[in-house]
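Shown next: data_39.cif, given as mmCIF, C-alpha atoms.
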```
data_target
#
loop_
_atom_site.group_PDB
_atom_site.id
_atom_site.type_symbol
_atom_site.label_atom_id
_atom_site.label_comp_id
_atom_site.auth_asym_id
_atom_site.auth_seq_id
_atom_site.Cartn_x
_atom_site.Cartn_y
_atom_site.Cartn_z
ATOM 1 C CA MET S 21 57.929 139.627 -186.586
ATOM 2 C CA ALA S 22 55.114 140.921 -188.716
ATOM 3 C CA LYS S 23 53.192 138.494 -190.877
ATOM 4 C CA ILE S 24 54.342 140.186 -194.075
ATOM 5 C CA GLU S 25 57.989 139.611 -193.146
ATOM 6 C CA LEU S 26 57.257 135.886 -192.785
ATOM 7 C CA LYS S 27 55.452 135.686 -196.113
ATOM 8 C CA GLN S 28 57.953 137.669 -198.189
ATOM 9 C CA PRO S 29 60.558 134.845 -198.429
ATOM 10 C CA VAL S 30 57.889 132.429 -199.689
ATOM 11 C CA VAL S 31 56.730 134.883 -202.370
ATOM 12 C CA GLN S 32 60.382 135.455 -203.298
ATOM 13 C CA GLU S 33 60.938 131.682 -203.560
ATOM 14 C CA ILE S 34 57.975 131.285 -205.939
ATOM 15 C CA SER S 35 59.159 134.270 -207.989
ATOM 16 C CA GLU S 36 62.623 132.721 -208.344
ATOM 17 C CA ILE S 37 61.163 129.386 -209.432
ATOM 18 C CA ILE S 38 58.922 130.886 -212.132
ATOM 19 C CA LYS S 39 61.442 133.479 -213.356
ATOM 20 C CA GLU S 40 63.229 131.022 -215.686
ATOM 21 C CA ALA S 41 60.286 128.641 -216.128
ATOM 22 C CA GLN S 42 59.140 127.435 -219.535
ATOM 23 C CA ALA S 43 55.995 125.910 -218.054
ATOM 24 C CA ALA S 44 53.977 125.954 -214.851
ATOM 25 C CA VAL S 45 50.956 123.789 -214.076
ATOM 26 C CA LEU S 46 48.527 124.162 -211.178
ATOM 27 C CA VAL S 47 46.897 121.022 -209.807
ATOM 28 C CA ASP S 48 44.395 120.169 -207.103
ATOM 29 C CA HIS S 49 46.072 117.429 -205.096
ATOM 30 C CA ARG S 50 43.259 116.714 -202.609
ATOM 31 C CA GLY S 51 42.543 113.034 -202.183
ATOM 32 C CA LEU S 52 46.008 111.725 -203.057
ATOM 33 C CA THR S 53 47.367 109.182 -200.651
ATOM 34 C CA VAL S 54 50.822 109.669 -199.182
ATOM 35 C CA ALA S 55 52.145 106.848 -201.375
ATOM 36 C CA GLU S 56 50.633 108.404 -204.519
ATOM 37 C CA ASP S 57 51.970 111.839 -203.631
ATOM 38 C CA THR S 58 55.441 110.397 -203.002
ATOM 39 C CA GLN S 59 55.362 108.556 -206.322
ATOM 40 C CA LEU S 60 54.214 111.705 -208.160
ATOM 41 C CA ARG S 61 56.939 113.818 -206.569
ATOM 42 C CA ARG S 62 59.567 111.205 -207.524
ATOM 43 C CA GLN S 63 58.428 111.147 -211.163
ATOM 44 C CA LEU S 64 58.443 114.944 -211.353
ATOM 45 C CA ARG S 65 61.856 115.207 -209.677
ATOM 46 C CA GLU S 66 63.361 112.670 -212.108
ATOM 47 C CA ALA S 67 62.116 114.808 -215.003
ATOM 48 C CA GLY S 68 63.625 117.974 -213.502
ATOM 49 C CA VAL S 69 60.249 119.441 -212.535
ATOM 50 C CA SER S 70 59.874 121.432 -209.328
ATOM 51 C CA TYR S 71 56.658 120.538 -207.442
ATOM 52 C CA LYS S 72 55.494 122.181 -204.262
ATOM 53 C CA VAL S 73 52.318 123.124 -202.423
ATOM 54 C CA TYR S 74 52.017 126.850 -201.699
ATOM 55 C CA LYS S 75 49.281 129.023 -200.296
ATOM 56 C CA ASN S 76 47.162 130.599 -203.016
ATOM 57 C CA THR S 77 47.766 134.138 -201.733
ATOM 58 C CA MET S 78 51.535 133.611 -201.934
ATOM 59 C CA MET S 79 51.310 132.330 -205.512
ATOM 60 C CA ASN S 80 48.970 135.200 -206.400
ATOM 61 C CA PHE S 81 51.536 137.764 -205.219
ATOM 62 C CA ALA S 82 54.383 135.978 -207.045
ATOM 63 C CA PHE S 83 52.403 135.708 -210.314
ATOM 64 C CA LYS S 84 51.596 139.441 -210.493
ATOM 65 C CA GLY S 85 53.303 141.117 -213.439
ATOM 66 C CA THR S 86 54.579 137.855 -214.981
ATOM 67 C CA ASP S 87 53.495 135.558 -217.807
ATOM 68 C CA PHE S 88 51.943 133.372 -215.111
ATOM 69 C CA GLU S 89 49.453 136.016 -213.918
ATOM 70 C CA PRO S 90 46.474 134.312 -215.658
ATOM 71 C CA LEU S 91 46.943 131.379 -213.248
ATOM 72 C CA SER S 92 45.644 133.644 -210.461
ATOM 73 C CA GLU S 93 42.119 133.091 -211.820
ATOM 74 C CA VAL S 94 42.195 129.380 -210.933
ATOM 75 C CA LEU S 95 43.735 129.734 -207.468
ATOM 76 C CA LYS S 96 40.782 128.326 -205.567
ATOM 77 C CA GLY S 97 41.049 125.473 -203.116
ATOM 78 C CA PRO S 98 44.280 123.611 -202.402
ATOM 79 C CA SER S 99 46.835 124.102 -205.156
ATOM 80 C CA ALA S 100 50.207 122.623 -205.951
ATOM 81 C CA LEU S 101 52.557 124.142 -208.501
ATOM 82 C CA ALA S 102 54.667 122.086 -210.926
ATOM 83 C CA VAL S 103 57.318 124.121 -212.756
ATOM 84 C CA SER S 104 59.874 123.168 -215.411
ATOM 85 C CA SER S 105 62.619 125.377 -216.766
ATOM 86 C CA THR S 106 64.010 122.802 -219.224
ATOM 87 C CA ASP S 107 61.120 120.911 -220.856
ATOM 88 C CA ALA S 108 57.960 122.888 -221.590
ATOM 89 C CA THR S 109 55.693 119.840 -221.809
ATOM 90 C CA ALA S 110 57.148 117.738 -218.972
ATOM 91 C CA PRO S 111 54.890 118.933 -216.123
ATOM 92 C CA ALA S 112 51.720 118.483 -218.169
ATOM 93 C CA ARG S 113 52.794 115.076 -219.533
ATOM 94 C CA ILE S 114 53.755 113.640 -216.155
ATOM 95 C CA LEU S 115 50.744 115.063 -214.302
ATOM 96 C CA ALA S 116 48.259 113.922 -216.971
ATOM 97 C CA LYS S 117 49.781 110.439 -217.075
ATOM 98 C CA PHE S 118 49.699 110.218 -213.276
ATOM 99 C CA ALA S 119 46.090 111.514 -213.144
ATOM 100 C CA LYS S 120 45.035 108.454 -215.176
ATOM 101 C CA THR S 121 46.116 106.161 -212.331
ATOM 102 C CA ALA S 122 45.166 108.586 -209.524
ATOM 103 C CA PRO S 123 41.864 110.267 -210.468
ATOM 104 C CA ALA S 124 42.015 112.436 -207.318
ATOM 105 C CA LEU S 125 44.704 114.545 -209.007
ATOM 106 C CA GLU S 126 43.062 117.293 -211.048
ATOM 107 C CA ILE S 127 44.901 119.610 -213.433
ATOM 108 C CA LYS S 128 43.476 123.122 -213.025
ATOM 109 C CA ALA S 129 45.391 125.124 -215.641
ATOM 110 C CA GLY S 130 48.869 126.020 -216.781
ATOM 111 C CA VAL S 131 51.113 128.381 -218.672
ATOM 112 C CA VAL S 132 53.426 126.959 -221.321
ATOM 113 C CA GLU S 133 55.963 129.291 -222.921
ATOM 114 C CA GLY S 134 53.904 132.348 -221.994
ATOM 115 C CA THR S 135 50.515 131.033 -223.157
ATOM 116 C CA PHE S 136 47.723 130.268 -220.691
ATOM 117 C CA TYR S 137 45.856 126.957 -221.078
ATOM 118 C CA ASP S 138 42.840 125.743 -219.139
ATOM 119 C CA ALA S 139 42.467 122.120 -217.994
ATOM 120 C CA GLU S 140 41.459 120.907 -221.472
ATOM 121 C CA GLY S 141 44.328 122.814 -223.088
ATOM 122 C CA MET S 142 46.753 121.225 -220.654
ATOM 123 C CA LYS S 143 45.496 117.770 -221.674
ATOM 124 C CA ALA S 144 46.314 118.675 -225.286
ATOM 125 C CA ILE S 145 49.774 119.896 -224.234
ATOM 126 C CA ALA S 146 50.276 116.619 -222.344
ATOM 127 C CA ALA S 147 49.788 114.736 -225.616
ATOM 128 C CA VAL S 148 52.772 116.518 -227.182
ATOM 129 C CA PRO S 149 55.873 114.311 -227.017
ATOM 130 C CA SER S 150 58.999 115.539 -225.267
ATOM 131 C CA ARG S 151 61.688 117.420 -227.163
ATOM 132 C CA GLU S 152 63.923 114.338 -227.197
ATOM 133 C CA GLU S 153 61.135 112.162 -228.632
ATOM 134 C CA LEU S 154 60.395 114.747 -231.319
ATOM 135 C CA LEU S 155 64.075 114.987 -232.266
ATOM 136 C CA ALA S 156 64.346 111.194 -232.423
ATOM 137 C CA LYS S 157 61.287 110.996 -234.695
ATOM 138 C CA PHE S 158 62.670 113.797 -236.863
ATOM 139 C CA LEU S 159 66.058 112.126 -237.210
ATOM 140 C CA GLY S 160 64.353 108.826 -237.960
ATOM 141 C CA SER S 161 62.299 110.425 -240.710
ATOM 142 C CA ILE S 162 65.441 112.025 -242.178
ATOM 143 C CA GLN S 163 67.454 108.794 -241.995
ATOM 144 C CA SER S 164 64.698 106.607 -243.423
ATOM 145 C CA PRO S 165 64.928 107.804 -247.066
ATOM 146 C CA ILE S 166 68.727 107.728 -246.951
ATOM 147 C CA ALA S 167 68.741 104.215 -245.499
ATOM 148 C CA ASN S 168 66.211 103.049 -248.103
ATOM 149 C CA PHE S 169 68.289 104.623 -250.883
ATOM 150 C CA ALA S 170 71.447 102.920 -249.591
ATOM 151 C CA ARG S 171 69.607 99.580 -249.425
ATOM 152 C CA VAL S 172 68.425 99.959 -253.048
ATOM 153 C CA LEU S 173 71.929 100.852 -254.216
ATOM 154 C CA LYS S 174 73.331 97.829 -252.410
ATOM 155 C CA GLN S 175 70.749 95.553 -254.041
ATOM 156 C CA ILE S 176 71.500 97.045 -257.450
ATOM 157 C CA ALA S 177 75.208 96.602 -256.858
ATOM 158 C CA GLU S 178 74.751 92.988 -255.752
ATOM 159 C CA LYS S 179 72.421 92.208 -258.644
ATOM 160 C CA GLY S 180 74.441 94.250 -261.128
ATOM 161 C CA GLY S 181 77.707 92.801 -259.838
ATOM 162 C CA SER S 182 76.671 89.207 -260.640
ATOM 163 C CA GLU S 183 75.241 90.219 -264.034
ATOM 164 C CA ALA S 184 78.383 92.216 -264.835
ATOM 165 C CA ALA S 185 80.530 89.213 -263.903
ATOM 166 C CA ALA S 186 78.424 86.976 -266.162
ATOM 167 C CA GLU S 187 78.540 89.481 -269.036
ATOM 168 C CA ALA S 188 82.306 90.064 -268.807
ATOM 169 C CA PRO S 189 83.322 86.567 -270.011
ATOM 170 C CA ALA S 190 80.672 86.727 -272.726
ATOM 171 C CA ALA S 191 82.042 90.060 -273.888
ATOM 172 C CA GLU S 192 85.562 88.619 -274.066
ATOM 173 C CA GLU S 193 84.388 85.650 -276.154
ATOM 174 C CA ALA S 194 82.404 87.655 -278.659
ATOM 175 C CA PRO S 195 85.389 89.490 -280.225
ATOM 176 C CA ALA S 196 87.277 86.210 -280.598
ATOM 177 C CA GLU S 197 84.530 84.813 -282.862
ATOM 178 C CA ALA S 198 84.441 87.816 -285.090
#
```
Give the structure from the file, written as C-alpha cells.
Amino acid sequence: MAKIELKQPVVQEISEIIKEAQAAVLVDHRGLTVAEDTQLRRQLREAGVSYKVYKNTMMNFAFKGTDFEPLSEVLKGPSALAVSSTDATAPARILAKFAKTAPALEIKAGVVEGTFYDAEGMKAIAAVPSREELLAKFLGSIQSPIANFARVLKQIAEKGGSEAAAEAPAAEEAPAEA
C-alpha cells in the first residue's frame, strides 16, 4: 500500500470531527505524565470533547478549506486536538483549568465558532462560563426582581392584613356613636 492510502483515512477522520465542530483547540502536551494525560482525557470526555493526538501534516491537510485553516500556522512540535461540537467554550475552559495544575500543558491556539484565537485569546475564551451557567445566571437575574416584588407584596399583605383587621372593628364602632 502506498503511504498516501494509509494517511487518507486519518485525514478523513479529522475532517469528520471538525465538520460539525463549534470549537477546536490545539495544545502542546509534551511533559504530561501518563496519570495527568489520563485525567485530562477523562475530564474532556465527560464534557463531550473529543481529544486526540494527530500528526501535524494530517491536521494540516484536514484543515485546508475550513474555518480551522488558521490553526495550520501553529502546527509546530507535538500537537493534540480538542474538539467540541456542543459547547463552544468547553475545550478552552477544561484545558485552561487543567493547565493550572499541569504547567506542562500549553494551549497553542484555537478556533471558536469560526474565529481564530491565539493562546492569549483562548485564555479569555476559557474565562467565559458555559452555556448552562450563563442561562442559570440569566434566569436568576430575571427571577430576582419578581421574587423581591412577591416578597414585598407578601409583607404589605401581612402588615396591611393586621392593620385592616384592627381598623375594621373601629370602623364598625364609629357609626354607632354618631
**Item:** Residue neighbourhood Gln42 (chain S), 7 Å, only C-alpha atoms, exclusion window fewer than 6 positions, as a list in words
**Value:**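 Residues meeting the cut-off are Ser104, Ser105, Thr106, Asp107, Ala108, Val132 and Glu133 of chain S.
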Take the residues from that selection and put them in a file with C-alpha atoms, as an mmCIF file, in the frame of the given file.
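Saved to out19.cif:
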```cif
data_model
loop_
_atom_site.group_PDB
_atom_site.id
_atom_site.type_symbol
_atom_site.label_atom_id
_atom_site.label_comp_id
_atom_site.auth_asym_id
_atom_site.auth_seq_id
_atom_site.Cartn_x
_atom_site.Cartn_y
_atom_site.Cartn_z
ATOM 1 C CA SER S 104 59.874 123.168 -215.411
ATOM 2 C CA SER S 105 62.619 125.377 -216.766
ATOM 3 C CA THR S 106 64.010 122.802 -219.224
ATOM 4 C CA ASP S 107 61.120 120.911 -220.856
ATOM 5 C CA ALA S 108 57.960 122.888 -221.590
ATOM 6 C CA VAL S 132 53.426 126.959 -221.321
ATOM 7 C CA GLU S 133 55.963 129.291 -222.921
#
```
**Request:** Run the PyMOL selection byres ((chain S and resi 81) around 10) mentally over the shown coordinates, then write out the matched residues as a list in words, using the chain letters and numbers from the document.
**Result:**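 In the shown coordinates, the PyMOL selection byres ((chain S and resi 81) around 10) covers Gln28, Val30, Val31, Gln32, Ile34, Ser35, Asn76, Thr77, Met78, Met79, Asn80, Ala82, Phe83, Lys84, Gly85, Glu89 and Ser92 of chain S.
Compared by their closest atoms to Arg62 (chain S), and using only C-alpha atoms, the residues S:Ile37, S:Ile114, S:Ala124, S:Ala44 rank with S:Ile114 nearest.
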**Message:** Once the PyMOL selection byres ((chain S and resi 143) around 10) is applied to the coordinates I shared, what remains selected? I want it as a list in words.
**Reply:**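 For this structure, the PyMOL selection byres ((chain S and resi 143) around 10) captures Ala112, Arg113, Leu115, Ala116, Lys117, Ile127, Ala129, Tyr137, Asp138, Ala139, Glu140, Gly141, Met142, Ala144, Ile145, Ala146, Ala147 and Val148 of chain S.
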**Item:** Exercise: Leu52 (chain S) partners within 9 Å, all atoms listed in the file, chain neighbours under 5 positions left out, as a ChimeraX atom specification
**Value:** /S:57,122-125
**Message:** Would you compute the distance between CA of Ile24 (chain S) and CA of Phe136 (chain S)? Give it in Å to one decimal.
**Reply:**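 So the two atoms, CA of Ile24 (chain S) and CA of Phe136 (chain S), lie 29.2 Å apart.
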**Item:** Within-7 Å shell of (52.8, 126.6, -216.4) in input frame, all atoms listed in the file, as a VMD selection string
**Value:** chain S and resid 43 to 45 88 103 130 to 132
